[in-house]
$ cat run_33.cif   # mmCIF, C-alpha atoms
data_target
loop_
_atom_site.group_PDB
_atom_site.id
_atom_site.type_symbol
_atom_site.label_atom_id
_atom_site.label_comp_id
_atom_site.auth_asym_id
_atom_site.auth_seq_id
_atom_site.Cartn_x
_atom_site.Cartn_y
_atom_site.Cartn_z
ATOM 1 C CA MET B 17 48.626 38.852 -101.101
ATOM 2 C CA HIS B 18 46.656 41.957 -101.849
ATOM 3 C CA LEU B 19 49.684 43.989 -102.893
ATOM 4 C CA ARG B 20 48.455 43.590 -106.480
ATOM 5 C CA LEU B 21 45.233 45.385 -105.568
ATOM 6 C CA LEU B 22 47.203 48.218 -103.967
ATOM 7 C CA ALA B 23 49.383 48.435 -107.079
ATOM 8 C CA ARG B 24 46.257 48.677 -109.228
ATOM 9 C CA LEU B 25 44.942 51.481 -107.030
ATOM 10 C CA GLY B 26 48.230 53.330 -107.478
ATOM 11 C CA LEU B 27 48.096 52.797 -111.253
ATOM 12 C CA ALA B 28 44.511 54.072 -111.371
ATOM 13 C CA ALA B 29 45.536 57.178 -109.435
ATOM 14 C CA PHE B 30 48.397 57.730 -111.880
ATOM 15 C CA LEU B 31 46.031 57.534 -114.856
ATOM 16 C CA VAL B 32 43.721 60.054 -113.207
ATOM 17 C CA CYS B 33 46.726 62.335 -112.666
ATOM 18 C CA SER B 34 47.663 62.109 -116.333
ATOM 19 C CA LEU B 35 44.123 62.942 -117.442
ATOM 20 C CA ALA B 36 43.962 65.886 -115.061
ATOM 21 C CA ALA B 37 47.322 67.121 -116.279
ATOM 22 C CA THR B 38 46.130 67.104 -119.890
ATOM 23 C CA CYS B 39 43.242 69.372 -118.933
ATOM 24 C CA ALA B 40 45.521 71.637 -116.903
ATOM 25 C CA ARG B 41 48.044 72.169 -119.710
ATOM 26 C CA ALA B 42 45.471 74.004 -121.790
ATOM 27 C CA GLU B 43 44.969 76.501 -118.970
ATOM 28 C CA ASP B 44 48.697 76.996 -118.447
ATOM 29 C CA ASP B 45 49.257 78.208 -122.008
ATOM 30 C CA ASP B 46 47.862 81.583 -120.990
ATOM 31 C CA ASP B 47 50.760 83.457 -119.331
ATOM 32 C CA LYS B 48 48.953 86.690 -118.569
ATOM 33 C CA GLY B 49 48.589 85.752 -114.906
ATOM 34 C CA LYS B 50 52.267 84.849 -114.426
ATOM 35 C CA LYS B 51 53.756 86.360 -111.249
ATOM 36 C CA GLU B 52 57.163 87.994 -110.917
ATOM 37 C CA GLU B 53 59.866 85.576 -109.803
ATOM 38 C CA PRO B 54 61.514 86.300 -106.408
ATOM 39 C CA LYS B 55 65.078 87.592 -106.384
ATOM 40 C CA PHE B 56 66.316 84.905 -103.973
ATOM 41 C CA PRO B 57 66.207 81.052 -104.123
ATOM 42 C CA GLN B 58 62.893 79.399 -103.225
ATOM 43 C CA VAL B 59 61.889 75.850 -102.304
ATOM 44 C CA GLY B 60 58.344 76.323 -103.608
ATOM 45 C CA ASN B 61 55.059 74.933 -102.359
ATOM 46 C CA ASP B 62 54.982 71.755 -104.460
ATOM 47 C CA ASP B 63 55.147 68.256 -102.935
ATOM 48 C CA ILE B 64 58.722 67.403 -103.916
ATOM 49 C CA PHE B 65 59.783 65.521 -100.750
ATOM 50 C CA GLY B 66 57.401 62.539 -100.375
ATOM 51 C CA PHE B 67 55.385 62.609 -97.130
ATOM 52 C CA THR B 68 57.381 65.609 -95.861
ATOM 53 C CA THR B 69 55.726 68.989 -96.534
ATOM 54 C CA ALA B 70 57.480 72.203 -97.590
ATOM 55 C CA SER B 71 57.011 75.434 -95.621
ATOM 56 C CA GLU B 72 55.847 77.675 -98.474
ATOM 57 C CA LEU B 73 52.066 78.000 -98.752
ATOM 58 C CA GLY B 74 51.529 79.567 -102.183
ATOM 59 C CA ASP B 75 50.162 82.906 -103.379
ATOM 60 C CA THR B 76 47.241 84.919 -102.060
ATOM 61 C CA GLY B 77 43.956 83.732 -103.560
ATOM 62 C CA ASP B 78 45.200 80.298 -104.696
ATOM 63 C CA ILE B 79 42.515 77.595 -104.616
ATOM 64 C CA ASN B 80 43.782 74.013 -104.700
ATOM 65 C CA PHE B 81 42.450 70.465 -104.730
ATOM 66 C CA ALA B 82 44.568 67.530 -103.527
ATOM 67 C CA ASN B 83 43.861 63.805 -103.566
ATOM 68 C CA GLU B 84 46.246 62.086 -101.155
ATOM 69 C CA ASN B 85 46.285 58.265 -101.008
ATOM 70 C CA ASP B 86 48.302 56.920 -98.075
ATOM 71 C CA GLY B 87 48.776 53.152 -97.932
ATOM 72 C CA ARG B 88 50.173 50.725 -95.363
ATOM 73 C CA VAL B 89 50.937 47.049 -96.055
ATOM 74 C CA GLY B 90 52.193 44.050 -94.085
ATOM 75 C CA LYS B 91 51.955 42.721 -90.532
ATOM 76 C CA ARG B 92 53.855 39.922 -88.781
ATOM 77 C CA ASN B 93 51.695 37.254 -90.455
ATOM 78 C CA GLY B 94 48.652 36.919 -92.679
ATOM 79 C CA SER B 95 47.612 39.437 -95.302
ATOM 80 C CA TYR B 96 47.210 43.099 -94.376
ATOM 81 C CA GLY B 97 46.592 46.293 -96.339
ATOM 82 C CA ALA B 98 45.062 49.695 -95.624
ATOM 83 C CA LEU B 99 44.498 52.717 -97.843
ATOM 84 C CA ASN B 100 43.342 56.136 -96.600
ATOM 85 C CA SER B 101 42.202 58.578 -99.285
ATOM 86 C CA LYS B 102 42.078 62.266 -98.396
ATOM 87 C CA TYR B 103 40.191 64.785 -100.570
ATOM 88 C CA GLU B 104 41.311 68.299 -99.690
ATOM 89 C CA PHE B 105 40.210 71.748 -100.854
ATOM 90 C CA SER B 106 42.450 74.617 -99.716
ATOM 91 C CA TYR B 107 42.539 78.399 -100.006
ATOM 92 C CA ASN B 108 45.391 80.874 -99.505
ATOM 93 C CA VAL B 109 43.998 83.756 -97.471
ATOM 94 C CA SER B 110 47.401 85.416 -97.901
ATOM 95 C CA SER B 111 50.935 84.346 -98.800
ATOM 96 C CA ASP B 112 51.499 83.274 -95.172
ATOM 97 C CA PHE B 113 48.005 82.111 -94.112
ATOM 98 C CA TRP B 114 46.345 78.975 -95.525
ATOM 99 C CA VAL B 115 43.142 77.042 -94.693
ATOM 100 C CA ALA B 116 41.832 73.658 -95.877
ATOM 101 C CA ALA B 117 38.892 71.280 -95.399
ATOM 102 C CA SER B 118 39.093 67.552 -96.141
ATOM 103 C CA GLY B 119 37.010 64.395 -96.325
ATOM 104 C CA TYR B 120 38.354 60.829 -96.020
ATOM 105 C CA LEU B 121 37.654 57.350 -97.347
ATOM 106 C CA ALA B 122 39.248 54.213 -95.898
ATOM 107 C CA TRP B 123 39.859 50.751 -97.356
ATOM 108 C CA ASN B 124 40.969 47.990 -94.984
ATOM 109 C CA HIS B 125 41.881 44.386 -95.724
ATOM 110 C CA VAL B 126 42.803 42.014 -92.880
ATOM 111 C CA SER B 127 43.133 38.241 -93.291
ATOM 112 C CA ASN B 128 44.633 35.804 -90.763
ATOM 113 C CA VAL B 129 46.539 38.498 -88.835
ATOM 114 C CA ASP B 130 47.105 37.645 -85.156
ATOM 115 C CA GLY B 131 44.947 39.777 -82.856
ATOM 116 C CA LEU B 132 42.799 41.278 -85.632
ATOM 117 C CA PRO B 133 39.458 40.073 -87.052
ATOM 118 C CA ASN B 134 39.274 39.364 -90.771
ATOM 119 C CA LYS B 135 38.029 42.427 -92.598
ATOM 120 C CA ASN B 136 37.592 43.737 -96.136
ATOM 121 C CA THR B 137 35.727 47.065 -96.151
ATOM 122 C CA PHE B 138 35.578 50.457 -97.869
ATOM 123 C CA ASP B 139 33.902 53.285 -95.962
ATOM 124 C CA PHE B 140 33.632 57.001 -95.249
ATOM 125 C CA ASP B 141 36.199 57.935 -92.580
ATOM 126 C CA GLY B 142 35.387 61.420 -91.332
ATOM 127 C CA MET B 143 36.610 64.956 -91.925
ATOM 128 C CA SER B 144 39.301 67.435 -90.922
ATOM 129 C CA PHE B 145 40.047 71.149 -91.021
ATOM 130 C CA GLU B 146 43.540 72.667 -91.172
ATOM 131 C CA ILE B 147 44.982 76.131 -90.596
ATOM 132 C CA ALA B 148 48.616 76.941 -91.457
ATOM 133 C CA HIS B 149 50.660 80.091 -90.868
ATOM 134 C CA THR B 150 54.209 80.937 -91.943
ATOM 135 C CA VAL B 151 56.122 82.053 -88.854
ATOM 136 C CA ILE B 152 59.523 82.668 -90.489
ATOM 137 C CA THR B 153 59.562 83.831 -94.111
ATOM 138 C CA ARG B 154 62.475 83.200 -96.440
ATOM 139 C CA SER B 155 64.283 86.325 -97.651
ATOM 140 C CA GLU B 156 67.516 87.469 -99.284
ATOM 141 C CA THR B 157 69.250 87.355 -95.882
ATOM 142 C CA ASN B 158 67.401 84.351 -94.396
ATOM 143 C CA PRO B 159 67.459 80.968 -96.211
ATOM 144 C CA TRP B 160 65.044 79.274 -93.786
ATOM 145 C CA GLY B 161 61.289 78.902 -94.112
ATOM 146 C CA ILE B 162 59.213 77.748 -91.113
ATOM 147 C CA THR B 163 55.454 77.171 -91.043
ATOM 148 C CA ALA B 164 53.193 75.893 -88.234
ATOM 149 C CA SER B 165 49.778 74.288 -88.658
ATOM 150 C CA VAL B 166 47.052 72.537 -86.673
ATOM 151 C CA GLU B 167 44.608 69.988 -88.134
ATOM 152 C CA PRO B 168 41.655 68.807 -85.977
ATOM 153 C CA ARG B 169 40.196 65.511 -87.237
ATOM 154 C CA TRP B 170 37.093 63.401 -86.664
ATOM 155 C CA GLY B 171 37.414 59.762 -87.732
ATOM 156 C CA ARG B 172 34.934 56.881 -88.055
ATOM 157 C CA ILE B 173 37.215 53.911 -88.769
ATOM 158 C CA ASP B 174 40.017 52.457 -86.654
ATOM 159 C CA ALA B 175 43.188 52.774 -88.730
ATOM 160 C CA VAL B 176 44.640 49.399 -87.674
ATOM 161 C CA SER B 177 41.663 47.007 -87.535
ATOM 162 C CA GLY B 178 39.286 48.713 -89.969
ATOM 163 C CA LEU B 179 36.467 48.356 -87.431
ATOM 164 C CA PRO B 180 34.034 51.209 -86.622
ATOM 165 C CA SER B 181 35.506 53.578 -84.035
ATOM 166 C CA ASN B 182 34.645 57.235 -83.520
ATOM 167 C CA SER B 183 37.819 59.188 -82.823
ATOM 168 C CA TYR B 184 38.716 62.816 -82.164
ATOM 169 C CA GLY B 185 42.165 64.302 -82.316
ATOM 170 C CA PHE B 186 44.424 66.763 -84.028
ATOM 171 C CA GLU B 187 47.902 67.083 -85.477
ATOM 172 C CA GLY B 188 50.185 69.964 -84.535
ATOM 173 C CA LYS B 189 52.762 70.328 -87.301
ATOM 174 C CA LEU B 190 55.993 72.251 -87.883
ATOM 175 C CA PHE B 191 57.418 72.490 -91.425
ATOM 176 C CA ILE B 192 61.037 73.606 -91.951
ATOM 177 C CA ASP B 193 62.973 73.841 -95.218
ATOM 178 C CA ARG B 194 65.742 75.598 -97.102
ATOM 179 C CA VAL B 195 67.470 75.679 -100.469
ATOM 180 C CA VAL B 196 70.760 73.715 -100.452
ATOM 181 C CA VAL B 197 71.790 74.402 -104.057
ATOM 182 C CA PRO B 198 69.694 77.053 -105.855
ATOM 183 C CA ASP B 199 67.191 75.532 -108.281
ATOM 184 C CA THR B 200 68.762 72.083 -107.798
ATOM 185 C CA VAL B 201 68.833 70.616 -104.255
ATOM 186 C CA PHE B 202 66.270 71.242 -101.494
ATOM 187 C CA TRP B 203 65.960 70.052 -97.877
ATOM 188 C CA ALA B 204 62.945 69.849 -95.577
ATOM 189 C CA ALA B 205 61.970 68.475 -92.156
ATOM 190 C CA ASN B 206 58.636 68.045 -90.366
ATOM 191 C CA VAL B 207 57.801 67.538 -86.691
ATOM 192 C CA ILE B 208 54.252 66.345 -85.921
ATOM 193 C CA TRP B 209 52.437 65.633 -82.625
ATOM 194 C CA GLY B 210 49.129 63.782 -82.948
ATOM 195 C CA PRO B 211 47.040 63.102 -79.811
ATOM 196 C CA GLN B 212 43.812 61.088 -80.214
ATOM 197 C CA TRP B 213 40.773 60.085 -78.162
ATOM 198 C CA ALA B 214 38.949 57.049 -79.626
ATOM 199 C CA GLN B 215 36.463 54.275 -78.947
ATOM 200 C CA ASP B 216 38.071 50.882 -78.474
ATOM 201 C CA PRO B 217 37.142 49.056 -81.723
ATOM 202 C CA MET B 218 37.272 45.685 -79.940
ATOM 203 C CA VAL B 219 35.292 46.851 -76.857
ATOM 204 C CA PRO B 220 33.134 49.835 -77.980
ATOM 205 C CA GLY B 221 32.267 50.771 -74.382
ATOM 206 C CA ASN B 222 35.916 51.528 -73.610
ATOM 207 C CA ASN B 223 37.883 54.607 -74.624
ATOM 208 C CA LEU B 224 41.488 54.722 -75.803
ATOM 209 C CA ILE B 225 43.870 57.638 -75.395
ATOM 210 C CA SER B 226 47.073 57.755 -77.431
ATOM 211 C CA SER B 227 49.486 60.009 -79.281
ATOM 212 C CA THR B 228 51.967 59.642 -82.097
ATOM 213 C CA ASP B 229 55.128 61.699 -82.552
ATOM 214 C CA THR B 230 56.554 61.900 -86.073
ATOM 215 C CA VAL B 231 59.845 63.378 -87.268
ATOM 216 C CA SER B 232 60.696 63.322 -90.961
ATOM 217 C CA THR B 233 63.459 64.705 -93.129
ATOM 218 C CA ALA B 234 63.996 64.628 -96.892
ATOM 219 C CA LEU B 235 66.423 65.775 -99.556
ATOM 220 C CA SER B 236 65.095 66.485 -103.047
ATOM 221 C CA TRP B 237 67.091 66.877 -106.263
ATOM 222 C CA LYS B 238 65.716 68.593 -109.362
ATOM 223 C CA VAL B 239 66.720 66.182 -112.104
ATOM 224 C CA SER B 240 65.177 68.184 -114.944
ATOM 225 C CA LYS B 241 62.495 70.783 -115.441
ATOM 226 C CA GLY B 242 59.465 69.580 -113.481
ATOM 227 C CA LEU B 243 61.030 66.285 -112.305
ATOM 228 C CA PHE B 244 62.370 65.730 -108.769
ATOM 229 C CA LEU B 245 63.912 62.695 -107.055
ATOM 230 C CA ALA B 246 64.066 62.568 -103.267
ATOM 231 C CA VAL B 247 65.128 60.341 -100.392
ATOM 232 C CA GLU B 248 63.140 60.546 -97.161
ATOM 233 C CA ALA B 249 63.397 59.169 -93.618
ATOM 234 C CA ARG B 250 60.516 59.156 -91.110
ATOM 235 C CA TYR B 251 60.623 58.189 -87.416
ATOM 236 C CA PHE B 252 57.447 57.329 -85.474
ATOM 237 C CA ALA B 253 56.910 56.890 -81.730
ATOM 238 C CA GLN B 254 53.560 55.566 -80.453
ATOM 239 C CA PHE B 255 52.509 56.404 -76.876
ATOM 240 C CA GLY B 256 49.663 55.137 -74.694
ATOM 241 C CA ARG B 257 48.987 58.621 -73.349
ATOM 242 C CA ILE B 258 48.545 62.150 -74.683
ATOM 243 C CA VAL B 259 51.924 63.291 -73.411
ATOM 244 C CA PRO B 260 55.028 61.445 -74.685
ATOM 245 C CA ASP B 261 54.896 58.820 -71.944
ATOM 246 C CA HIS B 262 54.231 55.054 -71.827
ATOM 247 C CA LEU B 263 56.055 54.250 -75.068
ATOM 248 C CA GLN B 264 54.364 51.410 -76.981
ATOM 249 C CA GLY B 265 56.494 51.258 -80.119
ATOM 250 C CA GLN B 266 58.920 52.938 -82.487
ATOM 251 C CA SER B 267 59.639 52.601 -86.188
ATOM 252 C CA LEU B 268 61.880 54.083 -88.865
ATOM 253 C CA TYR B 269 60.987 54.204 -92.559
ATOM 254 C CA ILE B 270 63.387 55.163 -95.365
ATOM 255 C CA GLY B 271 62.678 55.247 -99.071
ATOM 256 C CA PRO B 272 62.723 57.117 -102.374
ATOM 257 C CA ALA B 273 60.193 59.633 -103.655
ATOM 258 C CA LEU B 274 59.417 61.049 -107.074
ATOM 259 C CA ALA B 275 57.636 64.318 -107.846
ATOM 260 C CA TRP B 276 56.498 65.304 -111.314
ATOM 261 C CA LYS B 277 55.426 68.902 -111.828
ATOM 262 C CA ILE B 278 53.287 68.078 -114.830
ATOM 263 C CA SER B 279 52.349 71.701 -115.434
ATOM 264 C CA ASP B 280 52.375 75.015 -113.584
ATOM 265 C CA LYS B 281 49.212 73.910 -111.798
ATOM 266 C CA VAL B 282 49.460 70.123 -111.436
ATOM 267 C CA THR B 283 51.940 68.112 -109.336
ATOM 268 C CA PHE B 284 52.106 64.327 -108.975
ATOM 269 C CA ASN B 285 53.927 62.764 -106.020
ATOM 270 C CA VAL B 286 54.690 59.106 -105.248
ATOM 271 C CA THR B 287 56.820 57.411 -102.587
ATOM 272 C CA TYR B 288 57.375 53.911 -101.174
ATOM 273 C CA GLN B 289 59.079 53.386 -97.803
ATOM 274 C CA PRO B 290 59.787 50.070 -96.039
ATOM 275 C CA GLN B 291 60.276 49.890 -92.269
ATOM 276 C CA VAL B 292 64.020 49.459 -91.751
ATOM 277 C CA TRP B 293 64.040 49.497 -87.932
ATOM 278 C CA GLY B 294 61.477 49.177 -85.171
ATOM 279 C CA ARG B 295 60.795 47.964 -81.636
ATOM 280 C CA SER B 296 57.503 47.166 -79.891
ATOM 281 C CA SER B 297 57.069 47.077 -76.102
ATOM 282 C CA ALA B 298 54.712 44.108 -76.566
ATOM 283 C CA THR B 299 57.287 42.033 -78.505
ATOM 284 C CA PRO B 300 60.700 43.592 -77.699
ATOM 285 C CA GLY B 301 62.677 40.591 -78.905
ATOM 286 C CA LEU B 302 61.401 40.738 -82.482
ATOM 287 C CA ALA B 303 62.829 42.768 -85.329
ATOM 288 C CA LEU B 304 60.638 45.687 -86.472
ATOM 289 C CA ASP B 305 57.492 46.989 -84.772
ATOM 290 C CA LEU B 306 54.619 45.313 -86.574
ATOM 291 C CA ASP B 307 52.255 45.632 -83.613
ATOM 292 C CA ASN B 308 51.805 49.398 -83.918
ATOM 293 C CA PHE B 309 53.041 49.919 -87.486
ATOM 294 C CA GLU B 310 53.313 48.143 -90.852
ATOM 295 C CA ARG B 311 56.107 46.710 -92.979
ATOM 296 C CA ALA B 312 55.861 49.485 -95.580
ATOM 297 C CA ASN B 313 54.112 52.786 -96.321
ATOM 298 C CA PHE B 314 53.402 54.384 -99.667
ATOM 299 C CA ARG B 315 51.742 57.527 -100.999
ATOM 300 C CA VAL B 316 50.238 58.532 -104.351
ATOM 301 C CA LYS B 317 49.190 62.190 -104.417
ATOM 302 C CA LEU B 318 47.826 64.610 -106.987
ATOM 303 C CA GLU B 319 47.633 68.363 -106.307
ATOM 304 C CA TRP B 320 45.866 70.693 -108.715
ATOM 305 C CA GLN B 321 45.592 74.493 -108.571
ATOM 306 C CA LEU B 322 42.044 75.277 -109.655
ATOM 307 C CA ASN B 323 42.318 79.002 -110.441
#

$ encode --input "run_33.cif" --output "structure tokens"
Amino acid sequence: MHLRLLARLGLAAFLVCSLAATCARAEDDDDKGKKEEPKFPQVGNDDIFGFTTASELGDTGDINFANENDGRVGKRNGSYGALNSKYEFSYNVSSDFWVAASGYLAWNHVSNVDGLPNKNTFDFDGMSFEIAHTVITRSETNPWGITASVEPRWGRIDAVSGLPSNSYGFEGKLFIDRVVVPDTVFWAANVIWGPQWAQDPMVPGNNLISSTDTVSTALSWKVSKGLFLAVEARYFAQFGRIVPDHLQGQSLYIGPALAWKISDKVTFNVTYQPQVWGRSSATPGLALDLDNFERANFRVKLEWQLN
């Protein structure tokens, strides 16, 4: 099993986070740039929910860097692991308008998995650009925050097989959240639609059209200053067309998440989520959908405000 390698990657990312945090603490000692706190409860723009994203975007002029490592492990048989690393630079044009540009790396390991060629590669996997806008702003009379975003993406590597495959698509996203207990308990939900046009990695002359619908929800509890524990559930539906038609598979993942706000400018986020339910149209009699999805997902993410 290559789970040990994935664990080592997660440990390496954690060590990088700790080193970055040490550098950031020195900057945070200077309080002259501290902004006035709002008069009503806030969720904040930190990653405190796992994969689920909060609606708040940050302050005007903020420049951020994020390294997001999303992993997937386990198929029906054999040894399978994939890790997608996203390197994102973002800028807050205003408190309700945010833009970002990202590059991707992909690691894929496949060994003795039915229907997939053996593979062990690490490669550049394209770029994306994202624009987000807050459509409903939280206030003293309104506890809800709602933000919409769109992220066009060009990819070079097929996410399942790890084979070369040029793909073009985008994700339309809706982020919703609210404070449940001020400064203690927070809730968020995301709805994402992701259509994609791609080369068939097995038959490069053919094209594949698909879409994935994702709905997630999470509850986060502030255990102590800067430390959050969360539980998150994510539902996926894979379709063989752009519109939600020709269902190929469904899956449900549930698991814990931990967020550590190391300093005012650095946040570390980690989550691990096994698939607890799933069904594939190709193998409807089997438990879980391991044709379109994996046994477990995980994320290790570092976000750092640069200014």

$ resolve_selection --input "run_33.cif" --expression "the PyMOL selection byres ((chain B and resi 68-84) around 7)" --output "JSON, numbers by chain"
{"B": [60, 61, 63, 65, 66, 67, 85, 86, 101, 102, 103, 104, 105, 106, 107, 108, 109, 110, 111, 112, 114, 161, 162, 163, 191, 192, 193, 204, 205, 206, 232, 233, 234, 316, 317, 318, 319, 320, 321, 322, 323]}

$ closest_residue --input "run_33.cif" --among "B:Ile64, B:Trp123, B:Pro57, B:Glu310" --to "Thr287 in chain B" --atoms "all atoms listed in the file"
B:Ile64

$ residues_near_point --input "run_33.cif" --point "(52.3, 45.2, -84.5)" --cutoff "12 Å" --atoms "all atoms listed in the file" --output "MDAnalysis selection string"
chainID B and resid 89:93 96 129:132 176:177 254 264:267 294:300 302:311

$ closest_residue --input "run_33.cif" --among "B:Ser226, B:Asn100, B:Ser95, B:Asn158" --to "Ser127 in chain B" --atoms "all atoms listed in the file"
B:Ser95

$ residues_around --input "run_33.cif" --residues "Arg194 in chain B" --least-positions-apart "4" --cutoff "7 Å" --atoms "all atoms listed in the file" --output "ChimeraX atom specification"
/B:59,159-161,202-204

$ decode --input "run_33.cif" --residues "range 118-141 of chain B" --atoms "N, CA and C atoms" --output "PDB file, in the first residue's frame"
ATOM      1  N   SER B 118      -4.361  30.047 -10.238  1.00  0.00           N
ATOM      2  CA  SER B 118      -3.766  28.849  -9.631  1.00  0.00           C
ATOM      3  C   SER B 118      -3.064  27.983 -10.662  1.00  0.00           C
ATOM      4  N   GLY B 119      -2.032  27.273 -10.197  1.00  0.00           N
ATOM      5  CA  GLY B 119      -1.382  26.229 -10.969  1.00  0.00           C
ATOM      6  C   GLY B 119      -1.496  24.916 -10.218  1.00  0.00           C
ATOM      7  N   TYR B 120      -1.395  23.778 -10.940  1.00  0.00           N
ATOM      8  CA  TYR B 120      -1.637  22.467 -10.339  1.00  0.00           C
ATOM      9  C   TYR B 120      -0.508  21.485 -10.663  1.00  0.00           C
ATOM     10  N   LEU B 121      -0.236  20.616  -9.700  1.00  0.00           N
ATOM     11  CA  LEU B 121       0.610  19.447  -9.905  1.00  0.00           C
ATOM     12  C   LEU B 121      -0.212  18.211  -9.541  1.00  0.00           C
ATOM     13  N   ALA B 122       0.072  17.094 -10.197  1.00  0.00           N
ATOM     14  CA  ALA B 122      -0.689  15.870  -9.933  1.00  0.00           C
ATOM     15  C   ALA B 122       0.244  14.685  -9.775  1.00  0.00           C
ATOM     16  N   TRP B 123       0.021  13.901  -8.709  1.00  0.00           N
ATOM     17  CA  TRP B 123       0.716  12.632  -8.509  1.00  0.00           C
ATOM     18  C   TRP B 123      -0.314  11.518  -8.585  1.00  0.00           C
ATOM     19  N   ASN B 124      -0.027  10.490  -9.381  1.00  0.00           N
ATOM     20  CA  ASN B 124      -0.946   9.367  -9.536  1.00  0.00           C
ATOM     21  C   ASN B 124      -0.202   8.048  -9.405  1.00  0.00           C
ATOM     22  N   HIS B 125      -0.738   7.166  -8.582  1.00  0.00           N
ATOM     23  CA  HIS B 125      -0.195   5.818  -8.435  1.00  0.00           C
ATOM     24  C   HIS B 125      -1.324   4.815  -8.649  1.00  0.00           C
ATOM     25  N   VAL B 126      -1.160   3.943  -9.638  1.00  0.00           N
ATOM     26  CA  VAL B 126      -2.135   2.891  -9.929  1.00  0.00           C
ATOM     27  C   VAL B 126      -1.380   1.578 -10.100  1.00  0.00           C
ATOM     28  N   SER B 127      -1.782   0.554  -9.364  1.00  0.00           N
ATOM     29  CA  SER B 127      -1.147  -0.760  -9.468  1.00  0.00           C
ATOM     30  C   SER B 127      -2.194  -1.856  -9.296  1.00  0.00           C
ATOM     31  N   ASN B 128      -2.362  -2.657 -10.356  1.00  0.00           N
ATOM     32  CA  ASN B 128      -3.269  -3.813 -10.338  1.00  0.00           C
ATOM     33  C   ASN B 128      -4.703  -3.442 -10.000  1.00  0.00           C
ATOM     34  N   VAL B 129      -5.173  -2.310 -10.547  1.00  0.00           N
ATOM     35  CA  VAL B 129      -6.568  -1.884 -10.404  1.00  0.00           C
ATOM     36  C   VAL B 129      -7.311  -2.255 -11.675  1.00  0.00           C
ATOM     37  N   ASP B 130      -8.422  -2.981 -11.552  1.00  0.00           N
ATOM     38  CA  ASP B 130      -9.192  -3.404 -12.725  1.00  0.00           C
ATOM     39  C   ASP B 130      -9.583  -2.201 -13.580  1.00  0.00           C
ATOM     40  N   GLY B 131      -9.309  -2.315 -14.897  1.00  0.00           N
ATOM     41  CA  GLY B 131      -9.729  -1.285 -15.842  1.00  0.00           C
ATOM     42  C   GLY B 131      -8.780  -0.123 -15.983  1.00  0.00           C
ATOM     43  N   LEU B 132      -7.702  -0.076 -15.176  1.00  0.00           N
ATOM     44  CA  LEU B 132      -6.751   1.027 -15.248  1.00  0.00           C
ATOM     45  C   LEU B 132      -5.341   0.500 -15.458  1.00  0.00           C
ATOM     46  N   PRO B 133      -4.548   1.161 -16.331  1.00  0.00           N
ATOM     47  CA  PRO B 133      -3.150   0.739 -16.506  1.00  0.00           C
ATOM     48  C   PRO B 133      -2.300   1.130 -15.301  1.00  0.00           C
ATOM     49  N   ASN B 134      -1.294   0.350 -15.014  1.00  0.00           N
ATOM     50  CA  ASN B 134      -0.377   0.679 -13.922  1.00  0.00           C
ATOM     51  C   ASN B 134       0.316   2.005 -14.216  1.00  0.00           C
ATOM     52  N   LYS B 135       0.434   2.824 -13.175  1.00  0.00           N
ATOM     53  CA  LYS B 135       0.943   4.177 -13.381  1.00  0.00           C
ATOM     54  C   LYS B 135       1.574   4.684 -12.097  1.00  0.00           C
ATOM     55  N   ASN B 136       2.666   5.433 -12.217  1.00  0.00           N
ATOM     56  CA  ASN B 136       3.267   6.092 -11.067  1.00  0.00           C
ATOM     57  C   ASN B 136       3.963   7.348 -11.580  1.00  0.00           C
ATOM     58  N   THR B 137       3.243   8.473 -11.626  1.00  0.00           N
ATOM     59  CA  THR B 137       3.758   9.679 -12.270  1.00  0.00           C
ATOM     60  C   THR B 137       3.505  10.919 -11.409  1.00  0.00           C
ATOM     61  N   PHE B 138       4.299  11.954 -11.689  1.00  0.00           N
ATOM     62  CA  PHE B 138       4.150  13.264 -11.055  1.00  0.00           C
ATOM     63  C   PHE B 138       4.331  14.294 -12.157  1.00  0.00           C
ATOM     64  N   ASP B 139       3.319  15.160 -12.366  1.00  0.00           N
ATOM     65  CA  ASP B 139       3.359  16.025 -13.544  1.00  0.00           C
ATOM     66  C   ASP B 139       2.604  17.333 -13.303  1.00  0.00           C
ATOM     67  N   PHE B 140       2.887  18.306 -14.167  1.00  0.00           N
ATOM     68  CA  PHE B 140       2.144  19.561 -14.186  1.00  0.00           C
ATOM     69  C   PHE B 140       0.737  19.289 -14.702  1.00  0.00           C
ATOM     70  N   ASP B 141      -0.279  19.879 -14.050  1.00  0.00           N
ATOM     71  CA  ASP B 141      -1.670  19.540 -14.374  1.00  0.00           C
ATOM     72  C   ASP B 141      -2.533  20.764 -14.662  1.00  0.00           C
TER      73      ASP B 141
END
